[in-house]
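One file, final32.pdb, is given below (PDB, C-alpha atoms).
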```pdb
MODEL        1
ATOM      1  CA  MET A   1     -22.477   1.603 -11.104  1.00  0.00           C
ATOM      2  CA  SER A   2     -22.771  -1.366  -8.837  1.00  0.00           C
ATOM      3  CA  PHE A   3     -23.686  -0.861  -5.198  1.00  0.00           C
ATOM      4  CA  PHE A   4     -22.079  -4.169  -4.260  1.00  0.00           C
ATOM      5  CA  SER A   5     -18.392  -4.818  -3.927  1.00  0.00           C
ATOM      6  CA  SER A   6     -16.876  -8.180  -4.804  1.00  0.00           C
ATOM      7  CA  ASN A   7     -16.680  -8.867  -1.074  1.00  0.00           C
ATOM      8  CA  ASN A   8     -20.402  -8.209  -0.732  1.00  0.00           C
ATOM      9  CA  SER A   9     -21.116 -10.554  -3.640  1.00  0.00           C
ATOM     10  CA  SER A  10     -19.049 -13.278  -1.990  1.00  0.00           C
ATOM     11  CA  PHE A  11     -20.917 -12.690   1.250  1.00  0.00           C
ATOM     12  CA  ILE A  12     -24.290 -13.040  -0.493  1.00  0.00           C
ATOM     13  CA  GLU A  13     -23.223 -16.259  -2.257  1.00  0.00           C
ATOM     14  CA  SER A  14     -21.907 -17.622   1.022  1.00  0.00           C
ATOM     15  CA  LYS A  15     -25.201 -16.811   2.709  1.00  0.00           C
ATOM     16  CA  LYS A  16     -27.142 -18.537  -0.081  1.00  0.00           C
ATOM     17  CA  HIS A  17     -25.063 -21.690   0.373  1.00  0.00           C
ATOM     18  CA  LYS A  18     -25.523 -21.527   4.127  1.00  0.00           C
ATOM     19  CA  ASN A  19     -29.288 -21.167   3.732  1.00  0.00           C
ATOM     20  CA  LYS A  20     -29.333 -24.082   1.302  1.00  0.00           C
ATOM     21  CA  PHE A  21     -27.434 -26.336   3.685  1.00  0.00           C
ATOM     22  CA  GLU A  22     -29.650 -25.256   6.590  1.00  0.00           C
ATOM     23  CA  HIS A  23     -32.714 -26.072   4.477  1.00  0.00           C
ATOM     24  CA  ILE A  24     -31.344 -29.517   3.622  1.00  0.00           C
ATOM     25  CA  ALA A  25     -30.472 -30.129   7.277  1.00  0.00           C
ATOM     26  CA  LYS A  26     -33.985 -29.106   8.273  1.00  0.00           C
ATOM     27  CA  LEU A  27     -35.567 -31.432   5.710  1.00  0.00           C
ATOM     28  CA  THR A  28     -33.306 -34.281   6.866  1.00  0.00           C
ATOM     29  CA  ALA A  29     -34.323 -33.666  10.466  1.00  0.00           C
ATOM     30  CA  ILE A  30     -38.010 -33.674   9.478  1.00  0.00           C
ATOM     31  CA  SER A  31     -37.476 -36.890   7.530  1.00  0.00           C
ATOM     32  CA  ASP A  32     -35.760 -38.531  10.501  1.00  0.00           C
ATOM     33  CA  VAL A  33     -38.592 -37.469  12.794  1.00  0.00           C
ATOM     34  CA  MET A  34     -41.169 -38.880  10.374  1.00  0.00           C
ATOM     35  CA  ILE A  35     -39.323 -42.175  10.021  1.00  0.00           C
ATOM     36  CA  THR A  36     -38.952 -42.516  13.787  1.00  0.00           C
ATOM     37  CA  SER A  37     -42.660 -41.822  14.202  1.00  0.00           C
ATOM     38  CA  VAL A  38     -43.630 -44.413  11.583  1.00  0.00           C
ATOM     39  CA  TYR A  39     -41.330 -46.986  13.187  1.00  0.00           C
ATOM     40  CA  GLN A  40     -42.555 -46.339  16.729  1.00  0.00           C
ATOM     41  CA  ASN A  41     -46.184 -46.605  15.622  1.00  0.00           C
ATOM     42  CA  LEU A  42     -45.703 -49.639  13.406  1.00  0.00           C
ATOM     43  CA  ASN A  43     -48.267 -52.336  14.120  1.00  0.00           C
ATOM     44  CA  ALA A  44     -46.104 -55.450  14.403  1.00  0.00           C
ATOM     45  CA  ASN A  45     -49.177 -57.685  14.101  1.00  0.00           C
ATOM     46  CA  GLN A  46     -47.531 -60.199  16.480  1.00  0.00           C
ATOM     47  CA  PHE A  47     -44.413 -60.354  14.288  1.00  0.00           C
ATOM     48  CA  VAL A  48     -40.855 -59.400  15.259  1.00  0.00           C
ATOM     49  CA  MET A  49     -40.021 -55.799  14.323  1.00  0.00           C
ATOM     50  CA  PRO A  50     -37.265 -55.077  11.783  1.00  0.00           C
ATOM     51  CA  HIS A  51     -34.161 -53.296  13.061  1.00  0.00           C
ATOM     52  CA  TYR A  52     -34.501 -49.526  12.949  1.00  0.00           C
ATOM     53  CA  GLU A  53     -31.387 -48.998  10.781  1.00  0.00           C
ATOM     54  CA  SER A  54     -32.636 -51.195   7.935  1.00  0.00           C
ATOM     55  CA  PHE A  55     -36.191 -49.879   8.233  1.00  0.00           C
ATOM     56  CA  ALA A  56     -35.059 -46.239   8.126  1.00  0.00           C
ATOM     57  CA  ALA A  57     -32.936 -46.808   5.011  1.00  0.00           C
ATOM     58  CA  ALA A  58     -35.826 -48.615   3.317  1.00  0.00           C
ATOM     59  CA  LEU A  59     -38.375 -45.935   4.178  1.00  0.00           C
ATOM     60  CA  LYS A  60     -36.174 -43.075   2.964  1.00  0.00           C
ATOM     61  CA  GLY A  61     -35.827 -44.750  -0.407  1.00  0.00           C
ATOM     62  CA  TYR A  62     -39.546 -45.542  -0.515  1.00  0.00           C
ATOM     63  CA  TYR A  63     -40.444 -41.866   0.025  1.00  0.00           C
ATOM     64  CA  LYS A  64     -38.095 -40.821  -2.772  1.00  0.00           C
ATOM     65  CA  LEU A  65     -39.447 -43.388  -5.219  1.00  0.00           C
ATOM     66  CA  LYS A  66     -43.028 -42.549  -4.286  1.00  0.00           C
ATOM     67  CA  GLU A  67     -42.336 -38.866  -4.894  1.00  0.00           C
ATOM     68  CA  GLN A  68     -40.905 -39.663  -8.326  1.00  0.00           C
ATOM     69  CA  GLY A  69     -43.964 -41.714  -9.246  1.00  0.00           C
ATOM     70  CA  MET A  70     -42.065 -44.981  -9.572  1.00  0.00           C
ATOM     71  CA  ALA A  71     -43.763 -46.673  -6.627  1.00  0.00           C
ATOM     72  CA  LYS A  72     -47.476 -47.149  -7.289  1.00  0.00           C
ATOM     73  CA  LYS A  73     -48.377 -48.980  -4.090  1.00  0.00           C
ATOM     74  CA  GLU A  74     -48.098 -48.111  -0.415  1.00  0.00           C
ATOM     75  CA  ILE A  75     -46.347 -51.422   0.178  1.00  0.00           C
ATOM     76  CA  LEU A  76     -42.720 -51.765   1.274  1.00  0.00           C
ATOM     77  CA  THR A  77     -40.826 -55.061   1.327  1.00  0.00           C
ATOM     78  CA  LEU A  78     -37.652 -55.070   3.419  1.00  0.00           C
ATOM     79  CA  ILE A  79     -35.027 -57.825   3.381  1.00  0.00           C
ATOM     80  CA  ASP A  80     -32.285 -57.484   5.989  1.00  0.00           C
ATOM     81  CA  PHE A  81     -29.240 -59.479   4.908  1.00  0.00           C
ATOM     82  CA  SER A  82     -27.329 -58.490   8.029  1.00  0.00           C
ATOM     83  CA  LEU A  83     -29.321 -61.218   9.799  1.00  0.00           C
ATOM     84  CA  SER A  84     -28.785 -64.977   9.871  1.00  0.00           C
ATOM     85  CA  SER A  85     -30.553 -66.897   7.113  1.00  0.00           C
ATOM     86  CA  ASN A  86     -31.920 -69.097   9.905  1.00  0.00           C
ATOM     87  CA  THR A  87     -34.115 -66.210  11.053  1.00  0.00           C
ATOM     88  CA  ARG A  88     -37.067 -64.513   9.423  1.00  0.00           C
ATOM     89  CA  ARG A  89     -35.495 -61.502   7.740  1.00  0.00           C
ATOM     90  CA  LEU A  90     -38.135 -60.385   5.225  1.00  0.00           C
ATOM     91  CA  TRP A  91     -40.963 -58.009   6.118  1.00  0.00           C
ATOM     92  CA  VAL A  92     -43.878 -56.857   3.972  1.00  0.00           C
ATOM     93  CA  ILE A  93     -45.311 -53.632   5.348  1.00  0.00           C
ATOM     94  CA  ASN A  94     -48.525 -51.839   4.414  1.00  0.00           C
ATOM     95  CA  LEU A  95     -47.607 -48.179   4.871  1.00  0.00           C
ATOM     96  CA  ALA A  96     -51.211 -47.050   4.361  1.00  0.00           C
ATOM     97  CA  THR A  97     -52.182 -48.807   7.589  1.00  0.00           C
ATOM     98  CA  ASN A  98     -48.650 -48.933   9.058  1.00  0.00           C
ATOM     99  CA  THR A  99     -48.973 -52.680   9.592  1.00  0.00           C
ATOM    100  CA  ILE A 100     -46.609 -55.602   9.067  1.00  0.00           C
ATOM    101  CA  LEU A 101     -48.415 -58.071   6.813  1.00  0.00           C
ATOM    102  CA  PHE A 102     -45.794 -60.815   6.486  1.00  0.00           C
ATOM    103  CA  HIS A 103     -42.557 -61.802   8.231  1.00  0.00           C
ATOM    104  CA  SER A 104     -40.769 -64.596   6.406  1.00  0.00           C
ATOM    105  CA  LEU A 105     -37.653 -66.607   5.799  1.00  0.00           C
ATOM    106  CA  VAL A 106     -35.849 -65.605   2.598  1.00  0.00           C
ATOM    107  CA  ALA A 107     -32.844 -67.146   0.829  1.00  0.00           C
ATOM    108  CA  HIS A 108     -29.708 -65.474  -0.486  1.00  0.00           C
ATOM    109  CA  GLY A 109     -27.470 -66.598  -3.359  1.00  0.00           C
ATOM    110  CA  ARG A 110     -25.240 -69.633  -2.981  1.00  0.00           C
ATOM    111  CA  ASN A 111     -22.059 -67.573  -3.566  1.00  0.00           C
ATOM    112  CA  THR A 112     -23.211 -64.810  -1.250  1.00  0.00           C
ATOM    113  CA  GLY A 113     -22.419 -66.803   1.874  1.00  0.00           C
ATOM    114  CA  GLU A 114     -23.317 -69.760   4.035  1.00  0.00           C
ATOM    115  CA  GLU A 115     -25.567 -68.896   6.979  1.00  0.00           C
ATOM    116  CA  PHE A 116     -24.806 -65.181   6.621  1.00  0.00           C
ATOM    117  CA  ALA A 117     -24.820 -63.072   3.460  1.00  0.00           C
ATOM    118  CA  THR A 118     -21.415 -61.444   2.977  1.00  0.00           C
ATOM    119  CA  ASN A 119     -20.670 -61.131  -0.765  1.00  0.00           C
ATOM    120  CA  PHE A 120     -22.865 -59.403  -3.317  1.00  0.00           C
ATOM    121  CA  SER A 121     -22.748 -58.971  -7.078  1.00  0.00           C
ATOM    122  CA  ASN A 122     -24.632 -57.552 -10.050  1.00  0.00           C
ATOM    123  CA  LYS A 123     -22.801 -59.796 -12.529  1.00  0.00           C
ATOM    124  CA  PRO A 124     -24.494 -62.517 -14.599  1.00  0.00           C
ATOM    125  CA  SER A 125     -23.778 -66.099 -13.480  1.00  0.00           C
ATOM    126  CA  SER A 126     -22.285 -64.884 -10.193  1.00  0.00           C
ATOM    127  CA  PHE A 127     -24.951 -66.761  -8.193  1.00  0.00           C
ATOM    128  CA  GLN A 128     -24.782 -63.893  -5.721  1.00  0.00           C
ATOM    129  CA  SER A 129     -27.503 -61.664  -4.344  1.00  0.00           C
ATOM    130  CA  SER A 130     -27.675 -57.973  -5.176  1.00  0.00           C
ATOM    131  CA  LEU A 131     -28.458 -55.277  -2.628  1.00  0.00           C
ATOM    132  CA  GLY A 132     -30.413 -52.049  -2.945  1.00  0.00           C
ATOM    133  CA  PHE A 133     -33.773 -50.823  -4.206  1.00  0.00           C
ATOM    134  CA  TYR A 134     -36.050 -52.607  -6.643  1.00  0.00           C
ATOM    135  CA  ILE A 135     -39.483 -52.061  -8.134  1.00  0.00           C
ATOM    136  CA  THR A 136     -41.595 -55.199  -8.433  1.00  0.00           C
ATOM    137  CA  GLY A 137     -42.732 -56.161 -11.897  1.00  0.00           C
ATOM    138  CA  GLU A 138     -45.103 -58.678 -13.420  1.00  0.00           C
ATOM    139  CA  VAL A 139     -46.096 -62.153 -12.313  1.00  0.00           C
ATOM    140  CA  TYR A 140     -45.336 -65.213 -14.438  1.00  0.00           C
ATOM    141  CA  THR A 141     -45.129 -68.978 -14.080  1.00  0.00           C
ATOM    142  CA  GLY A 142     -41.639 -70.406 -14.607  1.00  0.00           C
ATOM    143  CA  LYS A 143     -39.509 -73.375 -13.600  1.00  0.00           C
ATOM    144  CA  HIS A 144     -40.050 -72.477  -9.927  1.00  0.00           C
ATOM    145  CA  GLY A 145     -43.787 -72.035 -10.357  1.00  0.00           C
ATOM    146  CA  LEU A 146     -45.386 -68.672  -9.598  1.00  0.00           C
ATOM    147  CA  SER A 147     -42.690 -65.986  -9.737  1.00  0.00           C
ATOM    148  CA  LEU A 148     -42.360 -62.198  -9.660  1.00  0.00           C
ATOM    149  CA  LYS A 149     -39.961 -60.198 -11.811  1.00  0.00           C
ATOM    150  CA  LEU A 150     -37.844 -57.432 -10.269  1.00  0.00           C
ATOM    151  CA  ASP A 151     -36.297 -54.302 -11.740  1.00  0.00           C
ATOM    152  CA  GLY A 152     -33.140 -53.128  -9.990  1.00  0.00           C
ATOM    153  CA  LEU A 153     -32.878 -49.335  -9.768  1.00  0.00           C
ATOM    154  CA  GLU A 154     -29.212 -48.880  -8.854  1.00  0.00           C
ATOM    155  CA  LYS A 155     -26.617 -48.796 -11.620  1.00  0.00           C
ATOM    156  CA  GLY A 156     -23.767 -51.213 -11.003  1.00  0.00           C
ATOM    157  CA  VAL A 157     -25.483 -52.599  -7.912  1.00  0.00           C
ATOM    158  CA  ASN A 158     -28.641 -54.398  -9.029  1.00  0.00           C
ATOM    159  CA  CYS A 159     -29.498 -53.039 -12.498  1.00  0.00           C
ATOM    160  CA  ASN A 160     -28.976 -56.464 -14.101  1.00  0.00           C
ATOM    161  CA  ALA A 161     -31.684 -58.111 -11.986  1.00  0.00           C
ATOM    162  CA  ARG A 162     -34.093 -58.637 -14.869  1.00  0.00           C
ATOM    163  CA  SER A 163     -31.490 -59.923 -17.333  1.00  0.00           C
ATOM    164  CA  ARG A 164     -30.065 -62.195 -14.606  1.00  0.00           C
ATOM    165  CA  ALA A 165     -33.589 -63.531 -13.914  1.00  0.00           C
ATOM    166  CA  VAL A 166     -33.329 -62.489 -10.272  1.00  0.00           C
ATOM    167  CA  VAL A 167     -36.946 -62.951  -9.236  1.00  0.00           C
ATOM    168  CA  ILE A 168     -39.076 -63.782  -6.229  1.00  0.00           C
ATOM    169  CA  HIS A 169     -40.152 -67.430  -6.239  1.00  0.00           C
ATOM    170  CA  GLY A 170     -40.896 -70.259  -3.852  1.00  0.00           C
ATOM    171  CA  ALA A 171     -38.458 -73.041  -2.959  1.00  0.00           C
ATOM    172  CA  ASP A 172     -38.486 -76.232  -0.867  1.00  0.00           C
ATOM    173  CA  TYR A 173     -35.139 -75.251   0.655  1.00  0.00           C
ATOM    174  CA  VAL A 174     -36.657 -72.164   2.297  1.00  0.00           C
ATOM    175  CA  SER A 175     -38.180 -73.833   5.338  1.00  0.00           C
ATOM    176  CA  ASP A 176     -37.680 -74.553   9.015  1.00  0.00           C
ATOM    177  CA  SER A 177     -37.304 -78.260   8.206  1.00  0.00           C
ATOM    178  CA  PHE A 178     -34.383 -77.527   5.857  1.00  0.00           C
ATOM    179  CA  ILE A 179     -32.720 -75.435   8.572  1.00  0.00           C
ATOM    180  CA  LYS A 180     -33.188 -78.235  11.093  1.00  0.00           C
ATOM    181  CA  GLU A 181     -31.587 -80.775   8.769  1.00  0.00           C
ATOM    182  CA  HIS A 182     -28.747 -78.656   7.341  1.00  0.00           C
ATOM    183  CA  LYS A 183     -28.125 -76.136  10.151  1.00  0.00           C
ATOM    184  CA  ARG A 184     -28.798 -73.288   7.712  1.00  0.00           C
ATOM    185  CA  LEU A 185     -31.343 -72.199   5.134  1.00  0.00           C
ATOM    186  CA  GLY A 186     -30.938 -73.343   1.559  1.00  0.00           C
ATOM    187  CA  ARG A 187     -29.536 -70.929  -1.016  1.00  0.00           C
ATOM    188  CA  SER A 188     -30.639 -69.766  -4.443  1.00  0.00           C
ATOM    189  CA  GLN A 189     -28.798 -68.675  -7.602  1.00  0.00           C
ATOM    190  CA  GLY A 190     -29.239 -65.068  -6.476  1.00  0.00           C
ATOM    191  CA  CYS A 191     -32.998 -64.834  -6.081  1.00  0.00           C
ATOM    192  CA  PRO A 192     -34.735 -63.828  -2.845  1.00  0.00           C
ATOM    193  CA  ALA A 193     -36.567 -67.167  -2.641  1.00  0.00           C
ATOM    194  CA  LEU A 194     -39.498 -67.629  -0.246  1.00  0.00           C
ATOM    195  CA  PRO A 195     -41.221 -70.521   1.524  1.00  0.00           C
ATOM    196  CA  ASN A 196     -43.632 -72.189  -0.891  1.00  0.00           C
ATOM    197  CA  GLU A 197     -46.646 -71.605   1.326  1.00  0.00           C
ATOM    198  CA  LEU A 198     -46.051 -67.842   1.445  1.00  0.00           C
ATOM    199  CA  THR A 199     -45.120 -67.277  -2.197  1.00  0.00           C
ATOM    200  CA  LEU A 200     -48.645 -66.745  -3.533  1.00  0.00           C
ATOM    201  CA  PRO A 201     -49.939 -64.444  -0.776  1.00  0.00           C
ATOM    202  CA  ILE A 202     -46.768 -62.327  -0.708  1.00  0.00           C
ATOM    203  CA  ILE A 203     -46.525 -61.993  -4.506  1.00  0.00           C
ATOM    204  CA  ASN A 204     -50.192 -61.016  -4.727  1.00  0.00           C
ATOM    205  CA  VAL A 205     -49.605 -58.167  -2.293  1.00  0.00           C
ATOM    206  CA  ILE A 206     -46.304 -56.786  -3.606  1.00  0.00           C
ATOM    207  CA  LYS A 207     -46.637 -57.281  -7.408  1.00  0.00           C
ATOM    208  CA  ASN A 208     -46.973 -54.420  -9.907  1.00  0.00           C
ATOM    209  CA  GLN A 209     -44.705 -51.570  -8.819  1.00  0.00           C
ATOM    210  CA  SER A 210     -44.177 -51.731  -5.096  1.00  0.00           C
ATOM    211  CA  VAL A 211     -40.786 -51.085  -3.478  1.00  0.00           C
ATOM    212  CA  LEU A 212     -38.440 -53.854  -2.376  1.00  0.00           C
ATOM    213  CA  PHE A 213     -35.230 -53.033  -0.518  1.00  0.00           C
ATOM    214  CA  ILE A 214     -32.415 -55.453   0.298  1.00  0.00           C
ATOM    215  CA  TYR A 215     -30.291 -54.095   3.142  1.00  0.00           C
ATOM    216  CA  HIS A 216     -26.783 -54.827   4.317  1.00  0.00           C
ATOM    217  CA  PRO A 217     -24.654 -52.503   6.487  1.00  0.00           C
ATOM    218  CA  SER A 218     -21.672 -52.863   4.120  1.00  0.00           C
ATOM    219  CA  ARG A 219     -23.318 -50.238   1.895  1.00  0.00           C
ATOM    220  CA  LYS A 220     -23.789 -46.604   2.833  1.00  0.00           C
ATOM    221  CA  SER A 221     -27.509 -46.625   2.230  1.00  0.00           C
ATOM    222  CA  VAL A 222     -28.165 -42.906   2.648  1.00  0.00           C
ATOM    223  CA  GLU A 223     -25.622 -42.023  -0.040  1.00  0.00           C
ATOM    224  CA  GLU A 224     -27.044 -44.619  -2.409  1.00  0.00           C
ATOM    225  CA  ILE A 225     -30.617 -43.394  -1.894  1.00  0.00           C
ATOM    226  CA  GLU A 226     -29.563 -40.025  -3.315  1.00  0.00           C
ATOM    227  CA  LYS A 227     -28.481 -41.762  -6.530  1.00  0.00           C
ATOM    228  CA  LEU A 228     -31.772 -43.548  -7.107  1.00  0.00           C
ATOM    229  CA  THR A 229     -33.095 -43.182 -10.673  1.00  0.00           C
ATOM    230  CA  SER A 230     -30.409 -40.570 -11.434  1.00  0.00           C
TER     231      SER A 230
ENDMDL
END
```

Can you give me the file's structure in the form of structure tokens?
Amino acid sequence: MSFFSSNNSSFIESKKHKNKFEHIAKLTAISDVMITSVYQNLNANQFVMPHYESFAAALKGYYKLKEQGMAKKEILTLIDFSLSSNTRRLWVINLATNTILFHSLVAHGRNTGEEFATNFSNKPSSFQSSLGFYITGEVYTGKHGLSLKLDGLEKGVNCNARSRAVVIHGADYVSDSFIKEHKRLGRSQGCPALPNELTLPIINVIKNQSVLFIYHPSRKSVEEIEKLTS
């Protein structure tokens, strides 16, 4: 004979769900507190700070990938495509020391927009940038010189990065002089291209399984973070 009625069983299940949601809410609150603390204590190293919204989305994904063993380095690269291409919108952050190491110009794809990035694609030959989370791969020397392969982690968003040859490389059109002459930064075929003088030092720091995140407010980053590697 059961001592619990069906109503009691429903009550217990309801309580379990409530406890689960409260636990998730608590973890989210802790995560938000941690991210705020990291951001507030970030050593800008005389560079401009990234916006909190893009930094928070990047750090949440970094923690998840680190927990899953996919990120091997305590290095986070953030690209904020909500900003003008005429501004420095790439940050390389050492999370072990909580210090910004580099703050650089970075190009978007030619079909992604003019001065501002507005259109994104995962399709081959689209010449558009892809958003989301990546893990950095191996270094090689190609037609653009020293380059770094990227593996996109989000299905339908950036998973074709390697087959599309979306890589980090240097380019003459990523420079203040190009901006001065053309009123905007030059554009790539979809790669996050860097100034030539920063390509070697940045690649040496972020190569071999660090996290790179390309942000734009058109995507609901928190929802996408939950889908990482699933």

Exercise for the section: I need the residue set behind the PyMOL selection byres ((chain A and resi 134) around 6) for this file; please write it as a list of chain:residue names. Expected result: A:Phe133, A:Ile135, A:Asp151, A:Gly152, A:Leu153, A:Val211, A:Leu212

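Atom pair atom CA of A:Ala171 / atom CA of A:Leu150 has a distance of 17.2 Å (rounded to one decimal).
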
Exercise for the section: Might you pull out every residue within 12 Å of A:Ser125, with only C-alpha atoms counted and same-chain residues fewer than 4 positions away left off, and present them as a PyMOL selection string? Expected result: chain A and resi 109-111+121+129+160-161+163-166+188-191

Exercise for the section: Grab the atom CA of A:Ala193 to atom CA of A:Lys72 distance for me, in Å with one decimal place. Expected result: 23.3 Å

Practice task
To verify the selection step, state as a PyMOL selection string which residues the PyMOL selection byres ((chain A and resi 114) around 9) yields on this input.
Solution key: chain A and resi 85+108+110-113+115-118+184-187

Problem - the PyMOL selection byres ((chain A and resi 66) around 12) resolved against shown file, as a PyMOL selection string - result: chain A and resi 59-65+67-76+95+135+209-211+228-229

Please enclose the listed atoms of stretch 199-211 of chain A in an axis-aligned box, pad each side by 4 Å, and write out the centre and the three edge lengths in Å, rounded to one decimal, as JSON.
```
{"center_x": -45.5, "center_y": -59.2, "center_z": -5.3, "size_x": 17.4, "size_y": 24.2, "size_z": 17.2}
```

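Taking all atoms listed in the file into account, A:Asn204 lies nearest to A:Ile168 out of the set A:Ile168, A:Leu42, A:Ile179, A:Ala58.
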
Practice task
Rank nothing, just name the residue among A:Gly142, A:Pro192, A:Gly170, A:Gly137 nearest to A:Ile206, using all atoms listed in the file.
Solution key: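 Ranked by minimum distance to A:Ile206, first place goes to A:Gly137.
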
Practice task
Write out as a list in words which residues come within 10 Å of A:Ser218 when counting all atoms listed in the file, dropping same-chain ones fewer than 3 positions away.
Solution key: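 These residues fall inside the cut-off: Ser82, Thr118, Asn119, Phe120, Leu131, Tyr215 and Ser221 of chain A.
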
Problem - Long-range neighbours of A:Ile203 as a ChimeraX atom specification, 8 Å cut-off, all atoms listed in the file, 6 positions minimum in chain - result: /A:139,147-148,168

Problem - Selected residue, from A:Ala56, A:Gln40, A:Ala107, A:Leu200, that lies nearest to A:Gly145 when counting all atoms listed in the file - result: A:Leu200

Handout entry: One-decimal distance in Å that lies between atom CA of A:Val157 and atom CA of A:Ser130
Key = 6.4 Å

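The nearest approach to A:Phe81 among the residues A:Pro124, A:Gly156, A:Pro195, A:Gly132, with all atoms listed in the file taken into account, belongs to A:Gly132.
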